[in-house]
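K.L.:
Got a structure here, written out as structure tokens. Questions coming.
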Amino acid sequence: MTNQLHRRSLLRAAGVAIALPLLESLPVKESKAADAVAGTPEKPRRRIVAINVGLGLHAPNLTPQQAGRNYELSPYLQEIAEFRDQFTVLSGVSHPEVGGGHSSYKSYLTCAPHPNSAGFRNTISLDQFAAAELGSETRFASLSLSSSGPGLSWSRSGVEIPTITRPSQVFKKLFVAGKADEQARQMQALRDGQSVLDAVMDKTRQLGAKLSGRDREKLAQYYESVREAERRLSRAEAWEHKPKPVVDVKPPVDEPDNKKMLEQTRLMYDVMHLALDTDSTRFMTYNIAGMNAVPVIPGVDSDYHNLSHHGKDPAKIEQLTIVERSLFAELGRFLKKLKESEETAGTLLDETMVMFGSNLGNASSHDTSNMPILLAGGGFQHGQHLAFDHDNNYPLPNLFINMLQRLGLETDAFGTATGTMRDFA
């Protein structure tokens with residue numbers, strides 16, 4: 001390390017560089033600040049699963065005509081009718097200042113404004129916010145899944161979390177123990193991480209005399225973030241000593257034909273259920289990206305992406321309805337598995353918040369207002385259509401505050417939220 005320290009200097013140890021926070025006492029130099037990570041107090045075993053349909057959901061087939069509790073089930077909701085008292089339909093909601101058409105998937109769980117702008121930098125997603133607080137209670141803090149391509153999860157520094165697209169790989173990660181040499185390498189990697197952090201802490205102590213009082217406070221916070229990282233590494237090492245759960249099911253065989261989207265979706269839902277049922281993780285995201293191809297679904301002979309841009313063509317809407325009803329049927333199958341899994345205080349559905357919807361309110365025109373959103377499970381007082389203003393949307397991020405608080409987190413701020421969601425409990 002050179003004698004001249006910059007405002008965002010890099011501390012180097014064991015071949016690894018870790019960035020300091022912004023320190024006003026030191027000269028300016030561009031770099032990235034370290035993340036501050038909160039502690040992990042004991043909390044109830046509640047879970048979040050967030051699912052996005054990237055090519056939208058045709059609102060007239062989803063949104064009930066009536067608000068409140070005595071609404072008539074829409075065509076799509078008929079596919080999950082048995083769970084009517086365990087889900088809430090939301091309409092007239094969106095993320096403030098989030099446009100960008102298909103690019104808005106980046107903000108589905110972060111609500112970061114202007115995802116299509118040149119200087120866009122994402123923020124932390126809902127699942128990662130929760131995982132930072134509670135993820136150490138399970139073997140895997142979170143799982144980011146997708147049918148193909150990018151997912152919905154983003155780190156505190158706005159970096160996309162890599163996805164797993166094959167159910168067989170999810171199953172292997174959850175339940176298949178590595179060979180002895182692989183486990184040994186993993187253990188050594190964890191120990192190396194701890195020693196690197198210790199070396200970095202030694203380096204930071206040399207800065208104290210050069211800093212102002214405010215910068216010393218920042219550095220103290222940075223110390224705590226590094227210590228929290230060390231604690232996480234220690235917990236990860238503890239999980240490496242514990243055997244993975246044993247499940248009495250055969251490993252899934254991946255469907256290689258991407259056009260068989262329903263079969264692929266069903267396989268992914270099955271391993272998601274196993275992950276929750278074995279308490280291997282409590283936070284998952286799943287991006288159903290769609291395709292530029294004809295899905296293998298009876299009655300459909302047109303490209304799915306093209307159908308989503310229906311331009312109000314009745315023939316296209318008819319086929320799009322078949323595709324999207326099928327997706328709701330698969331969701332219903334997933335909810336049924338959760339409901340049939342018993343927990344100490346009820347069912348897995350009672351303890352799991354399942355958010356299902358789309359980043360696009362009108363995929364045909366790439367409109368991001370009036371996002372179609374449904375929230376099932378989690379122990380809320382469900383059974384209603386919560387209808388907000390179609391022309392002046394209510395902020396969807398407020399729902400995220402309700403969800404985080406249901407996890408037991410004492411927070412009233414996330415993204416662009418203005419508080420908890422009105423009339424929802």
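How things are named: the first chain in the structure tokens is A, the next is B, and so on; residues count from 1 in each chain; ligands count from 1 in the order shown.
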Do you have, as a tab-separated table, the list of residues of segment 87-138 of chain A lying at most 12 Å from segment 288-302 of chain A, each with its nearest atom pair and that distance in Å to one decimal, counting only C-alpha atoms and ordered by chain then number?
P.N.:
```
residue	atom	partner	partner_atom	distance
A:His102	CA	A:Ala289	CA	10.1
A:Ser103	CA	A:Ala289	CA	11.9
A:Tyr105	CA	A:Ala289	CA	9.5
```
K.L.:
Name all residues at most 9 Å from segment 52-54 of chain A (count only C-alpha atoms; drop same-chain ones fewer than 2 positions away) and give them as a list in words.
P.N.:
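After dropping sequence-adjacent residues, the list is Ala50, Gly56, Leu57, His102, Tyr105, Tyr108, Leu152, Thr285, Tyr286, Asn287, Ile288, Ala289, Gly290, Leu327, Met355, Phe356, Gly357, Ser358, Asn359, Leu360 and Ala363 of chain A.
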K.L.:
Just give me the gap between atom CA of Pro251 of chain A and atom CA of Lys172 of chain A in Å, one decimal is fine.
P.N.:
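The value is 7.9 Å.
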K.L.:
Select, from A:Lys259, A:Arg422, A:Arg121, A:Arg166, the residue with the minimum atom-to-atom distance to Leu399 of chain A, counting only C-alpha atoms.
P.N.:
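Looking only at the distances to Leu399 of chain A, the closest residue turns out to be A:Arg422.
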K.L.:
Can you pull out every residue within 9 Å of Thr278 of chain A, counting only C-alpha atoms, but drop anything in the same chain fewer than 4 positions away, and send it as an MDAnalysis selection string?
P.N.:
chainID A and resid 245:247 273:274
K.L.:
Could you dump the residues just selected with all heavy atoms as a PDB file, in the first residue's frame?
P.N.:
```pdb
ATOM      1  N   PRO A 245     -29.909 -32.185   3.719  1.00  0.00           N
ATOM      2  CA  PRO A 245     -31.119 -32.961   3.980  1.00  0.00           C
ATOM      3  C   PRO A 245     -31.263 -34.125   2.996  1.00  0.00           C
ATOM      4  O   PRO A 245     -30.768 -34.062   1.870  1.00  0.00           O
ATOM      5  CB  PRO A 245     -32.256 -31.953   3.775  1.00  0.00           C
ATOM      6  CG  PRO A 245     -31.628 -30.630   3.602  1.00  0.00           C
ATOM      7  CD  PRO A 245     -30.191 -30.808   3.327  1.00  0.00           C
ATOM      8  N   VAL A 246     -31.949 -35.158   3.455  1.00  0.00           N
ATOM      9  CA  VAL A 246     -32.245 -36.307   2.609  1.00  0.00           C
ATOM     10  C   VAL A 246     -33.721 -36.257   2.239  1.00  0.00           C
ATOM     11  O   VAL A 246     -34.584 -36.131   3.113  1.00  0.00           O
ATOM     12  CB  VAL A 246     -31.933 -37.632   3.333  1.00  0.00           C
ATOM     13  CG1 VAL A 246     -32.334 -38.830   2.466  1.00  0.00           C
ATOM     14  CG2 VAL A 246     -30.450 -37.702   3.691  1.00  0.00           C
ATOM     15  N   VAL A 247     -34.041 -36.310   0.959  1.00  0.00           N
ATOM     16  CA  VAL A 247     -35.422 -36.274   0.500  1.00  0.00           C
ATOM     17  C   VAL A 247     -35.742 -37.552  -0.262  1.00  0.00           C
ATOM     18  O   VAL A 247     -34.894 -38.084  -0.990  1.00  0.00           O
ATOM     19  CB  VAL A 247     -35.685 -35.047  -0.403  1.00  0.00           C
ATOM     20  CG1 VAL A 247     -35.633 -33.768   0.415  1.00  0.00           C
ATOM     21  CG2 VAL A 247     -34.672 -34.969  -1.549  1.00  0.00           C
ATOM     22  N   HIS A 273     -40.325 -26.019  -4.052  1.00  0.00           N
ATOM     23  CA  HIS A 273     -41.077 -26.542  -2.908  1.00  0.00           C
ATOM     24  C   HIS A 273     -40.170 -27.349  -1.986  1.00  0.00           C
ATOM     25  O   HIS A 273     -40.217 -27.202  -0.757  1.00  0.00           O
ATOM     26  CB  HIS A 273     -42.236 -27.413  -3.401  1.00  0.00           C
ATOM     27  CG  HIS A 273     -42.848 -28.240  -2.307  1.00  0.00           C
ATOM     28  ND1 HIS A 273     -42.643 -29.607  -2.206  1.00  0.00           N
ATOM     29  CD2 HIS A 273     -43.617 -27.897  -1.237  1.00  0.00           C
ATOM     30  CE1 HIS A 273     -43.272 -30.056  -1.137  1.00  0.00           C
ATOM     31  NE2 HIS A 273     -43.866 -29.051  -0.532  1.00  0.00           N
ATOM     32  N   LEU A 274     -39.312 -28.180  -2.559  1.00  0.00           N
ATOM     33  CA  LEU A 274     -38.391 -28.971  -1.746  1.00  0.00           C
ATOM     34  C   LEU A 274     -37.441 -28.076  -0.954  1.00  0.00           C
ATOM     35  O   LEU A 274     -37.125 -28.359   0.210  1.00  0.00           O
ATOM     36  CB  LEU A 274     -37.595 -29.925  -2.634  1.00  0.00           C
ATOM     37  CG  LEU A 274     -38.346 -31.113  -3.224  1.00  0.00           C
ATOM     38  CD1 LEU A 274     -37.455 -31.867  -4.208  1.00  0.00           C
ATOM     39  CD2 LEU A 274     -38.835 -32.048  -2.121  1.00  0.00           C
TER      40      LEU A 274
END
```
K.L.:
Return the single residue from A:Arg139, A:Lys260, A:His95, A:Arg325 that is closest to Ile80 of chain A, with distances computed using only C-alpha atoms.
P.N.:
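Looking only at the distances to Ile80 of chain A, the closest residue turns out to be A:Arg325.
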K.L.:
Would you write out, as JSON lines, a table of all residues in segment 42-134 of chain A that have an atom no more than 12 Å from an atom of segment 309-324 of chain A, listing for each the closest atom pair and the distance in Å to one decimal, considering only C-alpha atoms and ordering rows by chain and rising residue number?
P.N.:
```
{"residue": "A:Val53", "atom": "CA", "partner": "A:Glu324", "partner_atom": "CA", "distance": 9.3}
{"residue": "A:Gly54", "atom": "CA", "partner": "A:Glu324", "partner_atom": "CA", "distance": 11.6}
{"residue": "A:Leu55", "atom": "CA", "partner": "A:His309", "partner_atom": "CA", "distance": 8.9}
{"residue": "A:Gly56", "atom": "CA", "partner": "A:Glu324", "partner_atom": "CA", "distance": 9.0}
{"residue": "A:Leu57", "atom": "CA", "partner": "A:Glu324", "partner_atom": "CA", "distance": 6.8}
{"residue": "A:His58", "atom": "CA", "partner": "A:Thr321", "partner_atom": "CA", "distance": 7.5}
{"residue": "A:Ala59", "atom": "CA", "partner": "A:Thr321", "partner_atom": "CA", "distance": 10.5}
{"residue": "A:Pro60", "atom": "CA", "partner": "A:Thr321", "partner_atom": "CA", "distance": 10.2}
{"residue": "A:Asn61", "atom": "CA", "partner": "A:Thr321", "partner_atom": "CA", "distance": 7.6}
{"residue": "A:Leu62", "atom": "CA", "partner": "A:Glu324", "partner_atom": "CA", "distance": 9.7}
{"residue": "A:Ser74", "atom": "CA", "partner": "A:Thr321", "partner_atom": "CA", "distance": 11.9}
{"residue": "A:Pro75", "atom": "CA", "partner": "A:Thr321", "partner_atom": "CA", "distance": 8.9}
{"residue": "A:Tyr76", "atom": "CA", "partner": "A:Glu324", "partner_atom": "CA", "distance": 7.5}
{"residue": "A:Leu77", "atom": "CA", "partner": "A:Glu324", "partner_atom": "CA", "distance": 10.9}
{"residue": "A:Glu79", "atom": "CA", "partner": "A:Glu324", "partner_atom": "CA", "distance": 10.3}
```
K.L.:
Between A:Met284, A:Gly119, A:Val49, A:Lys244, which has the minimum distance to Ser144 of chain A (counting only C-alpha atoms)?
P.N.:
A:Met284
K.L.:
So that I can check the surroundings of Ser117 of chain A, please list as a ChimeraX atom specification every protein, DNA and RNA residue that reaches within 12 Å of it, counting only C-alpha atoms and ignoring chain neighbours fewer than 6 positions away.
P.N.:
/A:97-101,103-104,106
K.L.:
Restricting it to N, CA, C and O atoms, dump the selection as a PDB file, in the first residue's frame.
P.N.:
```
ATOM      1  N   GLU A  97     -41.793   5.951 -11.275  1.00  0.00           N
ATOM      2  CA  GLU A  97     -40.696   6.345 -12.169  1.00  0.00           C
ATOM      3  C   GLU A  97     -39.951   5.158 -12.778  1.00  0.00           C
ATOM      4  O   GLU A  97     -38.808   5.301 -13.216  1.00  0.00           O
ATOM      5  N   VAL A  98     -40.576   3.991 -12.783  1.00  0.00           N
ATOM      6  CA  VAL A  98     -39.962   2.840 -13.441  1.00  0.00           C
ATOM      7  C   VAL A  98     -40.646   2.624 -14.782  1.00  0.00           C
ATOM      8  O   VAL A  98     -41.806   2.238 -14.849  1.00  0.00           O
ATOM      9  N   GLY A  99     -39.911   2.940 -15.861  1.00  0.00           N
ATOM     10  CA  GLY A  99     -40.390   2.668 -17.208  1.00  0.00           C
ATOM     11  C   GLY A  99     -39.452   1.687 -17.863  1.00  0.00           C
ATOM     12  O   GLY A  99     -38.922   0.798 -17.211  1.00  0.00           O
ATOM     13  N   GLY A 100     -39.261   1.829 -19.158  1.00  0.00           N
ATOM     14  CA  GLY A 100     -38.226   1.042 -19.817  1.00  0.00           C
ATOM     15  C   GLY A 100     -38.680  -0.253 -20.422  1.00  0.00           C
ATOM     16  O   GLY A 100     -37.840  -1.058 -20.844  1.00  0.00           O
ATOM     17  N   GLY A 101     -40.007  -0.513 -20.466  1.00  0.00           N
ATOM     18  CA  GLY A 101     -40.468  -1.725 -21.121  1.00  0.00           C
ATOM     19  C   GLY A 101     -39.876  -2.979 -20.506  1.00  0.00           C
ATOM     20  O   GLY A 101     -39.901  -3.167 -19.291  1.00  0.00           O
ATOM     21  N   SER A 103     -36.937  -3.791 -19.929  1.00  0.00           N
ATOM     22  CA  SER A 103     -35.846  -3.533 -18.973  1.00  0.00           C
ATOM     23  C   SER A 103     -36.352  -3.383 -17.545  1.00  0.00           C
ATOM     24  O   SER A 103     -35.567  -3.491 -16.594  1.00  0.00           O
ATOM     25  N   SER A 104     -37.638  -3.159 -17.386  1.00  0.00           N
ATOM     26  CA  SER A 104     -38.181  -2.937 -16.051  1.00  0.00           C
ATOM     27  C   SER A 104     -38.122  -4.181 -15.174  1.00  0.00           C
ATOM     28  O   SER A 104     -38.358  -4.091 -13.965  1.00  0.00           O
ATOM     29  N   LYS A 106     -35.562  -5.448 -14.229  1.00  0.00           N
ATOM     30  CA  LYS A 106     -34.467  -5.153 -13.306  1.00  0.00           C
ATOM     31  C   LYS A 106     -34.979  -4.513 -12.022  1.00  0.00           C
ATOM     32  O   LYS A 106     -34.358  -4.646 -10.959  1.00  0.00           O
TER      33      LYS A 106
END
```
K.L.:
Pick out the residues sitting within 9 Å of segment 339-350 of chain A, and hand them over as a list in words; count only C-alpha atoms, and ignore anything fewer than 5 positions along from it in its own chain.
P.N.:
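Within the cut-off, the hits are Arg46, Arg47, Gln86, Leu276, Asp277, Phe334, Ala376, Gly377, Gly378, Gly379 and Phe380 of chain A.
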K.L.:
In terms of the shortest atom-to-atom distance over only C-alpha atoms, which of A:Met403, A:Leu211, A:Leu143, A:Leu262 is closest to Ser280 of chain A?
P.N.:
A:Leu143
K.L.:
Any idea what's packed within 9 Å of Ser153 of chain A, counting only C-alpha atoms, ignoring anything in its chain fewer than 6 positions away? Could you give it as a PDB file with all heavy atoms, in the first residue's frame?
P.N.:
```pdb
ATOM      1  N   LYS A 106     -35.562  -5.448 -14.229  1.00  0.00           N
ATOM      2  CA  LYS A 106     -34.467  -5.153 -13.306  1.00  0.00           C
ATOM      3  C   LYS A 106     -34.979  -4.513 -12.022  1.00  0.00           C
ATOM      4  O   LYS A 106     -34.358  -4.646 -10.959  1.00  0.00           O
ATOM      5  CB  LYS A 106     -33.455  -4.216 -13.970  1.00  0.00           C
ATOM      6  CG  LYS A 106     -32.815  -4.760 -15.234  1.00  0.00           C
ATOM      7  CD  LYS A 106     -31.941  -3.694 -15.887  1.00  0.00           C
ATOM      8  CE  LYS A 106     -31.374  -4.151 -17.219  1.00  0.00           C
ATOM      9  NZ  LYS A 106     -30.593  -3.079 -17.882  1.00  0.00           N
ATOM     10  N   LEU A 109     -38.110  -6.159  -8.209  1.00  0.00           N
ATOM     11  CA  LEU A 109     -37.975  -6.337  -6.768  1.00  0.00           C
ATOM     12  C   LEU A 109     -37.108  -5.270  -6.108  1.00  0.00           C
ATOM     13  O   LEU A 109     -36.905  -5.316  -4.899  1.00  0.00           O
ATOM     14  CB  LEU A 109     -37.397  -7.723  -6.458  1.00  0.00           C
ATOM     15  CG  LEU A 109     -38.267  -8.918  -6.840  1.00  0.00           C
ATOM     16  CD1 LEU A 109     -37.557 -10.218  -6.495  1.00  0.00           C
ATOM     17  CD2 LEU A 109     -39.630  -8.854  -6.155  1.00  0.00           C
ATOM     18  N   THR A 110     -36.594  -4.321  -6.892  1.00  0.00           N
ATOM     19  CA  THR A 110     -35.776  -3.255  -6.310  1.00  0.00           C
ATOM     20  C   THR A 110     -36.505  -1.919  -6.319  1.00  0.00           C
ATOM     21  O   THR A 110     -36.182  -1.040  -5.518  1.00  0.00           O
ATOM     22  CB  THR A 110     -34.455  -3.079  -7.085  1.00  0.00           C
ATOM     23  OG1 THR A 110     -34.727  -2.519  -8.375  1.00  0.00           O
ATOM     24  CG2 THR A 110     -33.724  -4.413  -7.253  1.00  0.00           C
ATOM     25  N   ILE A 124     -30.613  -2.825  -4.064  1.00  0.00           N
ATOM     26  CA  ILE A 124     -30.824  -4.162  -3.531  1.00  0.00           C
ATOM     27  C   ILE A 124     -32.258  -4.623  -3.756  1.00  0.00           C
ATOM     28  O   ILE A 124     -33.208  -3.831  -3.644  1.00  0.00           O
ATOM     29  CB  ILE A 124     -30.448  -4.205  -2.032  1.00  0.00           C
ATOM     30  CG1 ILE A 124     -30.368  -5.645  -1.536  1.00  0.00           C
ATOM     31  CG2 ILE A 124     -31.412  -3.368  -1.196  1.00  0.00           C
ATOM     32  CD1 ILE A 124     -29.729  -5.789  -0.173  1.00  0.00           C
ATOM     33  N   SER A 125     -32.427  -5.886  -4.082  1.00  0.00           N
ATOM     34  CA  SER A 125     -33.760  -6.442  -4.295  1.00  0.00           C
ATOM     35  C   SER A 125     -34.367  -6.900  -2.965  1.00  0.00           C
ATOM     36  O   SER A 125     -33.662  -7.113  -1.975  1.00  0.00           O
ATOM     37  CB  SER A 125     -33.710  -7.609  -5.281  1.00  0.00           C
ATOM     38  OG  SER A 125     -32.794  -8.596  -4.857  1.00  0.00           O
ATOM     39  N   LEU A 126     -35.666  -7.043  -2.970  1.00  0.00           N
ATOM     40  CA  LEU A 126     -36.408  -7.401  -1.762  1.00  0.00           C
ATOM     41  C   LEU A 126     -35.863  -8.671  -1.116  1.00  0.00           C
ATOM     42  O   LEU A 126     -35.644  -8.725   0.101  1.00  0.00           O
ATOM     43  CB  LEU A 126     -37.881  -7.594  -2.132  1.00  0.00           C
ATOM     44  CG  LEU A 126     -38.823  -8.083  -1.032  1.00  0.00           C
ATOM     45  CD1 LEU A 126     -38.995  -7.005   0.029  1.00  0.00           C
ATOM     46  CD2 LEU A 126     -40.176  -8.474  -1.617  1.00  0.00           C
ATOM     47  N   ASP A 127     -35.619  -9.692  -1.911  1.00  0.00           N
ATOM     48  CA  ASP A 127     -35.146 -10.961  -1.360  1.00  0.00           C
ATOM     49  C   ASP A 127     -33.759 -10.836  -0.748  1.00  0.00           C
ATOM     50  O   ASP A 127     -33.475 -11.432   0.301  1.00  0.00           O
ATOM     51  CB  ASP A 127     -35.147 -12.038  -2.449  1.00  0.00           C
ATOM     52  CG  ASP A 127     -34.221 -11.674  -3.601  1.00  0.00           C
ATOM     53  OD1 ASP A 127     -34.412 -10.590  -4.181  1.00  0.00           O
ATOM     54  OD2 ASP A 127     -33.305 -12.451  -3.932  1.00  0.00           O
ATOM     55  N   GLN A 128     -32.883 -10.056  -1.388  1.00  0.00           N
ATOM     56  CA  GLN A 128     -31.527  -9.903  -0.869  1.00  0.00           C
ATOM     57  C   GLN A 128     -31.506  -9.044   0.384  1.00  0.00           C
ATOM     58  O   GLN A 128     -30.670  -9.249   1.280  1.00  0.00           O
ATOM     59  CB  GLN A 128     -30.614  -9.323  -1.944  1.00  0.00           C
ATOM     60  CG  GLN A 128     -30.402 -10.236  -3.128  1.00  0.00           C
ATOM     61  CD  GLN A 128     -29.861 -11.591  -2.729  1.00  0.00           C
ATOM     62  OE1 GLN A 128     -28.786 -11.696  -2.153  1.00  0.00           O
ATOM     63  NE2 GLN A 128     -30.607 -12.655  -3.042  1.00  0.00           N
ATOM     64  N   LEU A 143     -31.983 -18.154  -3.161  1.00  0.00           N
ATOM     65  CA  LEU A 143     -31.791 -18.803  -4.450  1.00  0.00           C
ATOM     66  C   LEU A 143     -32.378 -17.906  -5.528  1.00  0.00           C
ATOM     67  O   LEU A 143     -33.533 -17.459  -5.413  1.00  0.00           O
ATOM     68  CB  LEU A 143     -32.474 -20.168  -4.503  1.00  0.00           C
ATOM     69  CG  LEU A 143     -31.852 -21.309  -3.696  1.00  0.00           C
ATOM     70  CD1 LEU A 143     -32.721 -22.563  -3.810  1.00  0.00           C
ATOM     71  CD2 LEU A 143     -30.427 -21.601  -4.148  1.00  0.00           C
ATOM     72  N   SER A 144     -31.596 -17.631  -6.566  1.00  0.00           N
ATOM     73  CA  SER A 144     -32.058 -16.840  -7.706  1.00  0.00           C
ATOM     74  C   SER A 144     -32.211 -17.791  -8.889  1.00  0.00           C
ATOM     75  O   SER A 144     -31.228 -18.376  -9.359  1.00  0.00           O
ATOM     76  CB  SER A 144     -31.052 -15.733  -8.028  1.00  0.00           C
ATOM     77  OG  SER A 144     -31.455 -15.010  -9.182  1.00  0.00           O
ATOM     78  N   LEU A 145     -33.443 -17.925  -9.384  1.00  0.00           N
ATOM     79  CA  LEU A 145     -33.766 -18.885 -10.430  1.00  0.00           C
ATOM     80  C   LEU A 145     -34.380 -18.176 -11.622  1.00  0.00           C
ATOM     81  O   LEU A 145     -34.966 -17.103 -11.495  1.00  0.00           O
ATOM     82  CB  LEU A 145     -34.751 -19.937  -9.896  1.00  0.00           C
ATOM     83  CG  LEU A 145     -34.409 -20.552  -8.536  1.00  0.00           C
ATOM     84  CD1 LEU A 145     -35.554 -21.433  -8.048  1.00  0.00           C
ATOM     85  CD2 LEU A 145     -33.110 -21.337  -8.611  1.00  0.00           C
ATOM     86  N   VAL A 159     -25.422  -5.269  -8.065  1.00  0.00           N
ATOM     87  CA  VAL A 159     -24.881  -6.304  -8.948  1.00  0.00           C
ATOM     88  C   VAL A 159     -25.895  -7.432  -9.053  1.00  0.00           C
ATOM     89  O   VAL A 159     -26.426  -7.902  -8.037  1.00  0.00           O
ATOM     90  CB  VAL A 159     -23.542  -6.839  -8.426  1.00  0.00           C
ATOM     91  CG1 VAL A 159     -23.038  -7.983  -9.298  1.00  0.00           C
ATOM     92  CG2 VAL A 159     -22.519  -5.711  -8.359  1.00  0.00           C
ATOM     93  N   GLU A 160     -26.141  -7.884 -10.281  1.00  0.00           N
ATOM     94  CA  GLU A 160     -27.106  -8.963 -10.479  1.00  0.00           C
ATOM     95  C   GLU A 160     -26.587 -10.280  -9.905  1.00  0.00           C
ATOM     96  O   GLU A 160     -25.438 -10.654 -10.120  1.00  0.00           O
ATOM     97  CB  GLU A 160     -27.396  -9.131 -11.972  1.00  0.00           C
ATOM     98  CG  GLU A 160     -28.449 -10.191 -12.276  1.00  0.00           C
ATOM     99  CD  GLU A 160     -28.672 -10.385 -13.757  1.00  0.00           C
ATOM    100  OE1 GLU A 160     -28.284  -9.486 -14.542  1.00  0.00           O
ATOM    101  OE2 GLU A 160     -29.223 -11.434 -14.141  1.00  0.00           O
ATOM    102  N   ILE A 161     -27.443 -10.980  -9.167  1.00  0.00           N
ATOM    103  CA  ILE A 161     -27.092 -12.281  -8.620  1.00  0.00           C
ATOM    104  C   ILE A 161     -27.267 -13.327  -9.726  1.00  0.00           C
ATOM    105  O   ILE A 161     -28.331 -13.407 -10.339  1.00  0.00           O
ATOM    106  CB  ILE A 161     -28.002 -12.644  -7.427  1.00  0.00           C
ATOM    107  CG1 ILE A 161     -27.984 -11.531  -6.369  1.00  0.00           C
ATOM    108  CG2 ILE A 161     -27.586 -13.985  -6.835  1.00  0.00           C
ATOM    109  CD1 ILE A 161     -26.658 -11.287  -5.723  1.00  0.00           C
ATOM    110  N   PRO A 162     -26.247 -14.119 -10.016  1.00  0.00           N
ATOM    111  CA  PRO A 162     -26.379 -15.132 -11.076  1.00  0.00           C
ATOM    112  C   PRO A 162     -27.526 -16.096 -10.804  1.00  0.00           C
ATOM    113  O   PRO A 162     -27.812 -16.437  -9.646  1.00  0.00           O
ATOM    114  CB  PRO A 162     -25.031 -15.850 -11.035  1.00  0.00           C
ATOM    115  CG  PRO A 162     -24.097 -14.891 -10.380  1.00  0.00           C
ATOM    116  CD  PRO A 162     -24.914 -14.120  -9.401  1.00  0.00           C
ATOM    117  N   THR A 163     -28.173 -16.557 -11.870  1.00  0.00           N
ATOM    118  CA  THR A 163     -29.319 -17.445 -11.728  1.00  0.00           C
ATOM    119  C   THR A 163     -28.938 -18.900 -11.995  1.00  0.00           C
ATOM    120  O   THR A 163     -27.925 -19.191 -12.625  1.00  0.00           O
ATOM    121  CB  THR A 163     -30.438 -17.067 -12.708  1.00  0.00           C
ATOM    122  OG1 THR A 163     -29.935 -17.183 -14.052  1.00  0.00           O
ATOM    123  CG2 THR A 163     -30.926 -15.655 -12.474  1.00  0.00           C
ATOM    124  N   MET A 284     -36.500 -16.929  -2.268  1.00  0.00           N
ATOM    125  CA  MET A 284     -36.267 -17.374  -3.638  1.00  0.00           C
ATOM    126  C   MET A 284     -36.928 -16.421  -4.627  1.00  0.00           C
ATOM    127  O   MET A 284     -37.997 -15.863  -4.350  1.00  0.00           O
ATOM    128  CB  MET A 284     -36.834 -18.781  -3.856  1.00  0.00           C
ATOM    129  CG  MET A 284     -36.012 -19.883  -3.233  1.00  0.00           C
ATOM    130  SD  MET A 284     -36.564 -21.522  -3.775  1.00  0.00           S
ATOM    131  CE  MET A 284     -38.116 -21.634  -2.919  1.00  0.00           C
ATOM    132  N   THR A 285     -36.300 -16.273  -5.767  1.00  0.00           N
ATOM    133  CA  THR A 285     -36.887 -15.525  -6.882  1.00  0.00           C
ATOM    134  C   THR A 285     -36.868 -16.419  -8.118  1.00  0.00           C
ATOM    135  O   THR A 285     -35.974 -17.242  -8.291  1.00  0.00           O
ATOM    136  CB  THR A 285     -36.109 -14.234  -7.174  1.00  0.00           C
ATOM    137  OG1 THR A 285     -34.746 -14.559  -7.515  1.00  0.00           O
ATOM    138  CG2 THR A 285     -36.120 -13.305  -5.971  1.00  0.00           C
TER     139      THR A 285
END
```
K.L.:
Residues near Thr416 of chain A, anyone? I mean within 9 Å using only C-alpha atoms, not counting same-chain ones fewer than 5 positions away, as a count of residues only.
P.N.:
9
